[in-house]
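Novice: Contents are compact mmCIF, C-alpha atoms; file name final37.txt:
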# COMPACT_ATOMS: atom_id res chain seq x y z
CA MET T 1 0.00 0.00 0.00
CA ILE T 2 2.66 2.52 1.04
CA LEU T 3 5.09 1.45 -1.68
CA GLY T 4 2.31 1.60 -4.28
CA THR T 5 1.37 5.13 -3.17
CA TYR T 6 5.02 6.19 -3.41
CA ILE T 7 5.34 4.78 -6.94
CA LEU T 8 2.11 6.51 -7.99
CA ILE T 9 3.28 9.90 -6.64
CA LEU T 10 6.72 9.44 -8.20
CA SER T 11 5.22 8.59 -11.62
CA ALA T 12 2.76 11.49 -11.51
CA GLY T 13 5.54 13.90 -10.45
CA ILE T 14 7.89 12.80 -13.24
CA PHE T 15 5.09 13.03 -15.82
CA GLY T 16 4.11 16.51 -14.57
CA LEU T 17 7.71 17.77 -14.58
CA LYS T 18 8.29 16.47 -18.13
CA ARG T 19 5.16 18.27 -19.37
CA TRP T 20 6.24 21.45 -17.60
CA LYS T 21 9.73 21.20 -19.13
CA ARG T 22 8.33 20.72 -22.67
CA ALA T 23 5.87 23.60 -22.26
CA SER T 24 8.55 25.88 -20.83
CA ALA T 25 11.05 24.94 -23.57
CA ALA T 26 8.44 25.55 -26.30
CA LYS T 27 7.61 28.96 -24.87
CA HIS T 28 11.05 30.24 -23.82
CA GLY T 29 13.47 27.97 -25.70
CA LYS T 30 14.76 26.41 -22.46
CA PRO T 31 13.34 25.42 -19.06
CA GLY T 32 13.00 28.31 -16.63
CA SER T 33 14.57 28.61 -13.19
CA GLY T 34 11.23 27.77 -11.53
CA TYR T 35 11.26 24.38 -13.24
CA GLN T 36 14.83 23.68 -12.12
CA VAL T 37 14.08 24.56 -8.49
CA CYS T 38 10.94 22.42 -8.47
CA ALA T 39 12.70 19.51 -10.16
CA ALA T 40 15.55 19.63 -7.62
CA LEU T 41 13.12 19.86 -4.69
CA PHE T 42 11.05 16.98 -6.08
CA ALA T 43 14.20 14.85 -6.52
CA VAL T 44 15.28 15.47 -2.91
CA LEU T 45 11.82 14.73 -1.47
CA MET T 46 11.39 11.57 -3.54
CA SER T 47 14.87 10.38 -2.51
CA PHE T 48 13.94 10.63 1.17
CA ALA T 49 10.53 9.09 0.52
CA GLY T 50 12.23 6.32 -1.47
CA ILE T 51 14.17 5.36 1.66
CA LEU T 52 11.22 5.67 4.06
CA ALA T 53 8.52 3.97 1.95
CA PRO T 54 10.09 0.46 1.93
CA MET T 55 10.83 0.72 5.67
CA MET T 56 7.25 1.72 6.42
CA GLN T 57 5.96 -1.01 4.10
CA LEU T 58 7.89 -3.56 6.17
CA MET T 59 6.30 -2.26 9.37
CA VAL T 60 2.69 -2.41 8.10
CA TYR T 61 1.61 -6.05 8.00
CA ASP T 62 -2.05 -5.61 7.03
CA TYR T 63 -4.01 -2.61 5.80
CA TYR T 64 -7.60 -3.43 4.80
CA LEU T 65 -10.18 -1.00 3.46
CA ILE T 66 -11.97 -3.62 1.37
CA PHE T 67 -13.05 -6.77 3.19
CA THR T 68 -13.14 -10.05 1.31
CA ASP T 69 -14.29 -13.24 3.04
CA LYS T 70 -10.66 -14.13 3.82
CA ARG T 71 -9.99 -10.70 5.32
CA ARG T 72 -13.19 -10.85 7.39
CA ALA T 73 -12.08 -14.22 8.75
CA THR T 74 -8.65 -12.77 9.62
CA VAL T 75 -10.16 -9.79 11.45
CA LYS T 76 -12.62 -12.01 13.31
CA THR T 77 -9.84 -14.39 14.36
CA VAL T 78 -7.56 -11.58 15.55
CA THR T 79 -10.06 -9.26 17.27
CA GLY T 80 -12.94 -11.57 18.18
CA ILE T 81 -15.43 -9.17 16.54
CA HIS T 82 -17.60 -10.44 13.71
CA GLU T 83 -19.81 -8.54 11.28
CA SER T 84 -23.60 -8.62 11.30
CA ASP T 85 -26.42 -6.61 9.76
CA ASP T 86 -25.78 -3.90 12.35
CA VAL T 87 -21.97 -4.11 12.53
CA ARG T 88 -19.72 -3.35 9.53
CA TYR T 89 -15.93 -3.25 9.25
CA LYS T 90 -14.46 -0.03 7.82
CA LYS T 91 -10.67 -0.32 8.25
CA TYR T 92 -8.21 -2.76 9.78
CA VAL T 93 -4.50 -2.03 10.29
CA SER T 94 -1.84 -4.30 11.78
CA THR T 95 1.63 -2.80 12.28
CA PHE T 96 4.92 -3.64 13.95
CA GLY T 97 4.60 -3.15 17.69
CA GLY T 98 7.95 -4.24 19.09
CA PRO T 99 8.52 -7.12 21.50
CA ASP T 100 4.90 -7.10 22.69
CA GLY T 101 3.60 -8.09 19.26
CA SER T 102 1.66 -6.27 16.56
CA ASN T 103 -0.37 -3.11 17.08
CA ARG T 104 -3.86 -3.60 15.73
CA THR T 105 -6.61 -1.09 14.98
CA LEU T 106 -10.09 -1.96 13.75
CA GLU T 107 -12.55 0.75 12.78
CA LEU T 108 -16.16 -0.24 12.36
CA LYS T 109 -19.61 1.23 12.38
CA CYS T 110 -22.56 -0.20 14.22
CA ARG T 111 -26.23 0.61 14.42
CA THR T 112 -26.73 -0.75 17.93
CA ASP T 113 -25.49 0.47 21.27
CA PRO T 114 -21.80 -0.49 21.74
CA MET T 115 -22.62 -2.67 24.76
CA ALA T 116 -25.25 -4.52 22.72
CA MET T 117 -22.67 -4.90 19.94
CA LEU T 118 -20.20 -6.43 22.39
CA GLU T 119 -22.85 -8.82 23.68
CA THR T 120 -23.86 -10.03 20.21
CA CYS T 121 -20.74 -9.69 18.01
CA CYS T 122 -17.77 -10.10 20.39
CA ALA T 123 -16.28 -13.45 21.35
CA GLY T 124 -14.16 -11.86 24.09
CA THR T 125 -14.80 -11.13 27.76
CA VAL T 126 -15.89 -7.57 28.61
CA LYS T 127 -13.83 -6.04 31.43
CA THR T 128 -14.69 -2.31 31.42
CA VAL T 129 -17.92 -0.48 30.50
CA THR T 130 -19.27 3.07 30.33
CA LEU T 131 -22.46 3.96 32.20
CA ASP T 132 -23.78 7.55 32.18
CA GLY T 133 -20.39 9.04 31.30
CA MET T 134 -18.49 7.11 33.99
CA ILE T 135 -16.26 4.09 33.47
CA TYR T 136 -16.76 1.00 35.63
CA ASP T 137 -15.28 -2.42 35.97
CA ALA T 138 -17.67 -4.84 34.25
CA ALA T 139 -18.14 -6.68 37.54
CA ALA T 140 -20.28 -3.69 38.60
CA LEU T 141 -22.96 -4.77 36.15
CA GLU T 142 -23.49 -8.02 38.03
CA THR T 143 -24.54 -6.33 41.25
CA GLN T 144 -27.22 -3.83 42.22
CA ASP T 145 -25.34 -2.76 45.36
CA ALA T 146 -24.50 0.98 45.23
CA ASP T 147 -21.38 0.47 47.38
CA ALA T 148 -20.08 -2.23 45.02
CA LEU T 149 -20.79 0.04 42.07
CA ALA T 150 -18.79 2.87 43.68
CA ASP T 151 -15.89 0.49 44.38
CA CYS T 152 -15.82 -0.50 40.69
CA LEU T 153 -15.68 3.12 39.44
CA LYS T 154 -12.58 3.79 37.33
CA GLY T 155 -13.23 7.44 36.49
CA ASP T 156 -14.84 10.03 34.28
CA LEU T 157 -15.01 9.07 30.60
CA HIS T 158 -13.22 12.09 29.16
CA ARG T 159 -10.51 12.18 31.80
CA TYR T 160 -9.96 8.45 31.52
CA THR T 161 -9.75 8.33 27.72
CA ASN T 162 -8.39 11.86 27.11
CA ARG T 163 -10.64 12.01 24.02
CA PRO T 164 -13.20 14.84 24.22
CA ASN T 165 -15.49 13.50 21.45
CA CYS T 166 -15.57 9.95 22.81
CA THR T 167 -19.04 8.90 24.04
CA GLY T 168 -18.13 5.45 25.35
CA PHE T 169 -15.13 3.36 26.42
CA TYR T 170 -15.10 -0.42 26.77
CA GLU T 171 -12.37 -2.96 27.30
CA TYR T 172 -12.42 -6.65 26.50
CA THR T 173 -9.99 -9.54 26.37
CA TYR T 174 -9.75 -12.10 23.60
CA SER T 175 -7.11 -14.78 22.96
CA GLY T 176 -4.93 -13.43 25.75
CA ARG T 177 -4.90 -9.83 24.44
CA ARG T 178 -6.57 -6.69 25.77
CA PHE T 179 -8.60 -4.56 23.37
CA TRP T 180 -9.76 -0.99 24.01
CA LEU T 181 -12.95 0.16 22.31
CA PHE T 182 -13.64 3.87 21.81
CA CYS T 183 -17.15 4.84 20.68
CA TYR T 184 -18.17 8.04 18.88
CA GLU T 185 -21.67 9.19 17.94
CA THR T 186 -21.93 10.35 14.32
CA GLY T 187 -25.26 12.16 14.43
CA ASP T 188 -27.06 9.52 12.38
CA GLU T 189 -28.14 5.99 13.24
CA TRP T 190 -24.56 4.64 13.15
CA TYR T 191 -21.91 4.73 15.87
CA ARG T 192 -18.25 4.97 14.84
CA ILE T 193 -16.12 2.57 16.85
CA GLU T 194 -12.34 2.30 17.03
CA ILE T 195 -10.81 -0.79 18.60
CA ARG T 196 -7.12 -0.82 19.55
CA ALA T 197 -4.90 -3.60 20.85
In structure tokens, what does this structure look like?

Specialist:
Amino acid sequence: MILGTYILILSAGIFGLKRWKRASAAKHGKPGSGYQVCAALFAVLMSFAGILAPMMQLMVYDYYLIFTDKRRATVKTVTGIHESDDVRYKKYVSTFGGPDGSNRTLELKCRTDPMAMLETCCAGTVKTVTLDGMIYDAAALETQDADALADCLKGDLHRYTNRPNCTGFYEYTYSGRRFWLFCYETGDEWYRIEIRA
């Protein structure tokens, strides 16, 4: 993906510079100083990008914007979240994460409440939930005791997540990994959800 984008930009830049050179030569007899400055700047930028693009390509393992059946199976196996009529994948990225393993991000949209989505489309175990703008340990849901609920309080949503537009935070575990789910309301019937591991 990254290497392909670099090659596309490089090709378009070379094509554009050649057209500019021909037009400038036809008009003035030789390329102008503006062309030479731009060509030199383009060559320097593309040289640096030519070094960075392969390195970045090596660090990005998966980048999905289009989901085939095979890609859906991969995302479901890795994150424990499966699609339904009300839950749709939008983007999945897996990158190098150091000795702890890969960093994974899944963006999806869902029509149901995030907690309902976790109950119906998540194979993991929910650990943290948001109730009325406060974040609780999921064990708080199993009791009606106000004291137990207060003991399970983790904090205010916006202070805890440090994301002012976030309307919900959930945490779940799946296959020995922790996943953090950030929910955003979009103003229509769909929620935008970002899952990070």

Novice: Of the candidates T:Leu45, T:Val37, T:Ala25, T:Leu65, which one gets nearest to T:Tyr6 if we count only C-alpha atoms?

Specialist: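 Looking only at the distances to T:Tyr6, the closest residue turns out to be T:Leu45.
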
Novice: Assuming 4 Å of padding per side, give the centre and edge lengths of the axis-aligned box around every listed atom of stretch 28-36 of chain T, in Å to one decimal and as lines of an AutoDock Vina configuration file.

Specialist:
center_x = 12.9
center_y = 27.0
center_z = -18.6
size_x = 11.8
size_y = 14.6
size_z = 22.2

Novice: Which value, in Å to one decimal, gives the distance between atom CA of T:Gln57 and atom CA of T:Ile195?

Specialist: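 Separation between atom CA of T:Gln57 and atom CA of T:Ile195: 22.2 Å.
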
Novice: Under the rule of at most 9 Å, produce a per-residue listing of stretch 41-61 of chain T near stretch 80-104 of chain T: chain, number, name, the closest pair of atoms, and the distance in Å, as CSV, using all atoms listed in the file.

Specialist:
residue,atom,partner,partner_atom,distance
T:Leu58,CA,T:Phe96,CA,8.3
T:Met59,CA,T:Phe96,CA,5.0
T:Val60,CA,T:Thr95,CA,4.3
T:Tyr61,CA,T:Thr95,CA,5.4

Novice: Looking at T:Gln36, T:Thr112, T:Ser24, T:Ser47, which one is nearest to T:Ile7, with distances taken over all atoms listed in the file?

Specialist: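 For T:Ile7, the nearest of the candidates is T:Ser47.
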
Novice: Ranking T:Asp156, T:Glu119, T:Asp151, T:Asp188 by minimum distance to T:Asp132 and counting all atoms listed in the file, which one comes first?

Specialist: T:Asp156

Novice: Could you check how far atom CA of T:Phe169 sits from atom CA of T:Gly187, in Å to one decimal?

Specialist: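 That distance, rounded to one decimal, is 18.0 Å.
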
Novice: Could you jot down the atom CA of T:Cys121 to atom CA of T:Leu153 separation for me, Å, one decimal place?

Specialist: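 That distance, rounded to one decimal, is 25.5 Å.
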
Novice: Go through T:Cys110, T:Cys183, T:Ala43, T:Leu17 and flag the residue nearest T:Pro31, using only C-alpha atoms for the distances.

Specialist: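 Result for the nearest residue to T:Pro31: T:Leu17.
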
Novice: Within 10 Å of T:Ala197, counting only C-alpha atoms, which residues qualify if same-chain residues fewer than 4 places away don't, as a PyMOL selection string?

Specialist: chain T and resi 78-79+94+101-106+171-173+177-181

Novice: Would you put the residues from that selection into a file with C-alpha atoms, as a compact mmCIF listing (two decimals), in the frame of the given file?

Specialist:
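The new file again-v3.txt reads:
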# COMPACT_ATOMS: atom_id res chain seq x y z
CA VAL T 78 -7.56 -11.58 15.55
CA THR T 79 -10.06 -9.26 17.27
CA SER T 94 -1.84 -4.30 11.78
CA GLY T 101 3.60 -8.09 19.26
CA SER T 102 1.66 -6.27 16.56
CA ASN T 103 -0.37 -3.11 17.08
CA ARG T 104 -3.86 -3.60 15.73
CA THR T 105 -6.61 -1.09 14.98
CA LEU T 106 -10.09 -1.96 13.75
CA GLU T 171 -12.37 -2.96 27.30
CA TYR T 172 -12.42 -6.65 26.50
CA THR T 173 -9.99 -9.54 26.37
CA ARG T 177 -4.90 -9.83 24.44
CA ARG T 178 -6.57 -6.69 25.77
CA PHE T 179 -8.60 -4.56 23.37
CA TRP T 180 -9.76 -0.99 24.01
CA LEU T 181 -12.95 0.16 22.31

Novice: Point out the residue among T:Pro54, T:Thr120, T:Leu10, T:Asp113 with the least atom-to-atom distance to T:Glu189, counting all atoms listed in the file.

Specialist: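 The closest residue to T:Glu189 is T:Asp113.
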
Novice: Counting only C-alpha atoms, figure out which residue out of T:Val44, T:Cys152, T:Leu8, T:Ile193 gets nearest to T:Arg111.

Specialist: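 Comparing T:Val44, T:Cys152, T:Leu8, T:Ile193 against T:Arg111, the winner is T:Ile193.
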
Novice: Which residues are close to T:Gly133, i.e. within 8 Å by all atoms listed in the file, leaving aside same-chain residues fewer than 2 positions away? Reply as a tab-separated table (two decimals) with C-alpha atoms, in the frame of the given file.

Specialist:
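out_9.tsv, freshly written:
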chain	number	residue	atom	x	y	z
T	130	THR	CA	-19.27	3.07	30.33
T	131	LEU	CA	-22.46	3.96	32.20
T	135	ILE	CA	-16.26	4.09	33.47
T	156	ASP	CA	-14.84	10.03	34.28
T	157	LEU	CA	-15.01	9.07	30.60
T	167	THR	CA	-19.04	8.90	24.04
T	168	GLY	CA	-18.13	5.45	25.35
